[in-house]
file input-v8.pdb (PDB, C-alpha atoms, pLDDT in the B column)
ATOM      1  CA  MET A 250     142.136 130.267  27.368  1.00 69.00           C
ATOM      2  CA  LYS A 251     145.811 130.510  28.043  1.00 83.00           C
ATOM      3  CA  PRO A 252     147.587 127.195  27.547  1.00 85.00           C
ATOM      4  CA  GLY A 253     149.352 125.581  30.496  1.00 87.00           C
ATOM      5  CA  ILE A 254     147.585 127.410  33.360  1.00 91.00           C
ATOM      6  CA  HIS A 255     144.581 125.118  33.867  1.00 89.00           C
ATOM      7  CA  PRO A 256     144.730 121.836  35.811  1.00 89.00           C
ATOM      8  CA  ALA A 257     144.085 118.592  33.951  1.00 88.00           C
ATOM      9  CA  TYR A 258     140.402 117.633  33.813  1.00 92.00           C
ATOM     10  CA  ARG A 259     140.166 113.840  33.722  1.00 94.00           C
ATOM     11  CA  PRO A 260     138.080 110.872  34.944  1.00 96.00           C
ATOM     12  CA  VAL A 261     138.365 110.239  38.709  1.00 96.00           C
ATOM     13  CA  ILE A 262     136.606 107.782  41.029  1.00 94.00           C
ATOM     14  CA  PHE A 263     135.180 109.149  44.277  1.00 94.00           C
ATOM     15  CA  ARG A 264     134.702 106.390  46.858  1.00 92.00           C
ATOM     16  CA  ASP A 265     132.659 106.525  50.065  1.00 88.00           C
ATOM     17  CA  ARG A 266     134.076 103.683  52.149  1.00 84.00           C
ATOM     18  CA  SER A 267     131.471 103.983  54.922  1.00 80.00           C
ATOM     19  CA  ALA A 268     128.651 103.244  52.467  1.00 83.00           C
ATOM     20  CA  ASP A 269     130.614 100.979  50.094  1.00 85.00           C
ATOM     21  CA  PHE A 270     129.706 103.306  47.222  1.00 89.00           C
ATOM     22  CA  ALA A 271     131.814 104.708  44.391  1.00 92.00           C
ATOM     23  CA  PHE A 272     131.134 106.757  41.294  1.00 93.00           C
ATOM     24  CA  LEU A 273     133.135 107.787  38.267  1.00 95.00           C
ATOM     25  CA  THR A 274     133.119 111.427  37.236  1.00 94.00           C
ATOM     26  CA  ARG A 275     135.465 114.008  35.777  1.00 96.00           C
ATOM     27  CA  SER A 276     137.461 116.258  38.081  1.00 95.00           C
ATOM     28  CA  THR A 277     140.657 118.245  38.482  1.00 94.00           C
ATOM     29  CA  ALA A 278     141.334 116.522  41.832  1.00 92.00           C
ATOM     30  CA  THR A 279     144.475 114.394  41.970  1.00 90.00           C
ATOM     31  CA  SER A 280     145.428 111.261  43.865  1.00 92.00           C
ATOM     32  CA  ASP A 281     148.331 108.833  44.005  1.00 94.00           C
ATOM     33  CA  LYS A 282     145.979 105.897  44.642  1.00 95.00           C
ATOM     34  CA  THR A 283     144.405 104.090  41.699  1.00 95.00           C
ATOM     35  CA  VAL A 284     141.729 101.441  41.367  1.00 94.00           C
ATOM     36  CA  GLU A 285     140.360  99.382  38.499  1.00 95.00           C
ATOM     37  CA  TRP A 286     136.820 100.403  37.551  1.00 95.00           C
ATOM     38  CA  GLN A 287     134.024  98.223  36.164  1.00 94.00           C
ATOM     39  CA  ASP A 288     134.999  99.022  32.566  1.00 95.00           C
ATOM     40  CA  GLY A 289     138.465  97.504  33.102  1.00 95.00           C
ATOM     41  CA  ASN A 290     140.333 100.837  33.066  1.00 95.00           C
ATOM     42  CA  THR A 291     142.415 102.139  35.963  1.00 96.00           C
ATOM     43  CA  TYR A 292     141.521 105.553  37.393  1.00 96.00           C
ATOM     44  CA  PRO A 293     142.742 107.685  40.308  1.00 95.00           C
ATOM     45  CA  VAL A 294     140.558 107.215  43.400  1.00 95.00           C
ATOM     46  CA  ILE A 295     139.704 109.784  46.074  1.00 92.00           C
ATOM     47  CA  ASP A 296     138.202 108.569  49.345  1.00 90.00           C
ATOM     48  CA  VAL A 297     135.491 110.810  50.779  1.00 86.00           C
ATOM     49  CA  GLU A 298     133.836 110.655  54.193  1.00 81.00           C
ATOM     50  CA  VAL A 299     130.313 111.575  53.089  1.00 79.00           C
ATOM     51  CA  SER A 300     128.462 111.061  49.821  1.00 80.00           C
ATOM     52  CA  SER A 301     124.839 110.865  48.758  1.00 73.00           C
ATOM     53  CA  ALA A 302     124.905 107.190  49.814  1.00 77.00           C
ATOM     54  CA  SER A 303     125.767 107.996  53.436  1.00 74.00           C
ATOM     55  CA  HIS A 304     124.514 111.547  54.081  1.00 68.00           C
ATOM     56  CA  PRO A 305     121.422 111.672  56.355  1.00 63.00           C
ATOM     57  CA  PHE A 306     119.641 114.138  54.060  1.00 66.00           C
ATOM     58  CA  TYR A 307     119.657 111.670  51.164  1.00 59.00           C
ATOM     59  CA  THR A 308     119.290 108.438  53.122  1.00 64.00           C
ATOM     60  CA  GLY A 309     116.646 109.609  55.603  1.00 65.00           C
ATOM     61  CA  ASN A 310     118.600 108.044  58.481  1.00 68.00           C
ATOM     62  CA  GLN A 311     119.381 110.288  61.402  1.00 63.00           C
ATOM     63  CA  ARG A 312     122.444 109.818  63.538  1.00 58.00           C
ATOM     64  CA  VAL A 313     121.745 109.028  67.152  1.00 55.00           C
ATOM     65  CA  VAL A 314     122.748 111.930  69.364  1.00 54.00           C
ATOM     66  CA  ASP A 315     123.413 111.281  73.029  1.00 59.00           C
ATOM     67  CA  THR A 316     121.053 113.972  74.339  1.00 59.00           C
ATOM     68  CA  ALA A 317     120.416 112.121  77.609  1.00 63.00           C
ATOM     69  CA  GLY A 318     124.108 112.138  78.408  1.00 71.00           C
ATOM     70  CA  ARG A 319     124.334 115.830  77.599  1.00 74.00           C
ATOM     71  CA  VAL A 320     121.377 116.659  79.828  1.00 74.00           C
ATOM     72  CA  GLU A 321     122.810 114.622  82.709  1.00 78.00           C
ATOM     73  CA  ARG A 322     126.173 116.340  82.328  1.00 78.00           C
ATOM     74  CA  PHE A 323     124.442 119.738  82.357  1.00 78.00           C
ATOM     75  CA  GLU A 324     122.482 118.840  85.502  1.00 79.00           C
ATOM     76  CA  ARG A 325     125.627 117.589  87.267  1.00 80.00           C
ATOM     77  CA  ARG A 326     127.500 120.732  86.392  1.00 80.00           C
ATOM     78  CA  TYR A 327     124.817 123.298  87.173  1.00 82.00           C
ATOM     79  CA  GLY A 328     122.583 121.377  89.563  1.00 79.00           C
ATOM     80  CA  ARG A 329     118.906 120.597  89.334  1.00 69.00           C
ATOM     81  CA  GLY A 330     116.013 122.907  90.198  1.00 61.00           C
ATOM     82  CA  ARG A 331     117.902 126.171  89.890  1.00 57.00           C
ATOM     83  CA  ARG A 332     115.237 127.734  87.714  1.00 56.00           C
ATOM     84  CA  GLY A 333     113.450 130.837  88.853  1.00 51.00           C
ATOM     85  CA  ARG A 334     116.253 132.238  90.996  1.00 50.00           C
TER      86      ARG A 334
END

call {"tool": "encode", "arguments": {"input": "input-v8.pdb", "output": "structure tokens"}}
result
Amino acid sequence: MKPGIHPAYRPVIFRDRSADFAFLTRSTATSDKTVEWQDGNTYPVIDVEVSSASHPFYTGNQRVVDTAGRVERFERRYGRGRRGR
């Protein structure tokens, strides 16, 4: 490997604020924010919107979709009983 062309690979904390979940791993991602981890060391922290703690595939929880509102909006826009014409 050529020296000086690869980004630094170091410990980073990824934090999912919606699920109150964080994990320490190694990454090349950078951040100006830092947080103290359970081992007493300070690491850069990257906030993510979805992790295994909040993703519906892993949790088994589905998000509620407003299908009734969508159907009503469709019927208002295109009318009811227009099938078969």

call {"tool": "residues_around", "arguments": {"input": "input-v8.pdb", "residues": "region 277-290 of chain A", "least_positions_apart": "4", "cutoff": "6 Å", "atoms": "only C-alpha atoms", "output": "ChimeraX atom specification"}}
result
/A:257-258,294

call {"tool": "atom_distance", "arguments": {"input": "input-v8.pdb", "atom1": "CA of Val297 (chain A)", "atom2": "CA of Asp265 (chain A)"}}
result
5.2 Å

call {"tool": "atom_distance", "arguments": {"input": "input-v8.pdb", "atom1": "CA of Ile262 (chain A)", "atom2": "CA of Tyr292 (chain A)"}}
result
6.5 Å

call {"tool": "resolve_selection", "arguments": {"input": "input-v8.pdb", "expression": "the PyMOL selection byres ((chain A and resi 271) around 10)", "output": "PyMOL selection string"}}
result
chain A and resi 262-266+268-270+272-274+286+294-297+300+302

call {"tool": "resolve_selection", "arguments": {"input": "input-v8.pdb", "expression": "the PyMOL selection byres ((chain A and resi 275) around 6)", "output": "ChimeraX atom specification"}}
result
/A:259-261,274,276

call {"tool": "atom_distance", "arguments": {"input": "input-v8.pdb", "atom1": "CA of Pro293 (chain A)", "atom2": "CA of Pro252 (chain A)"}}
result
23.8 Å
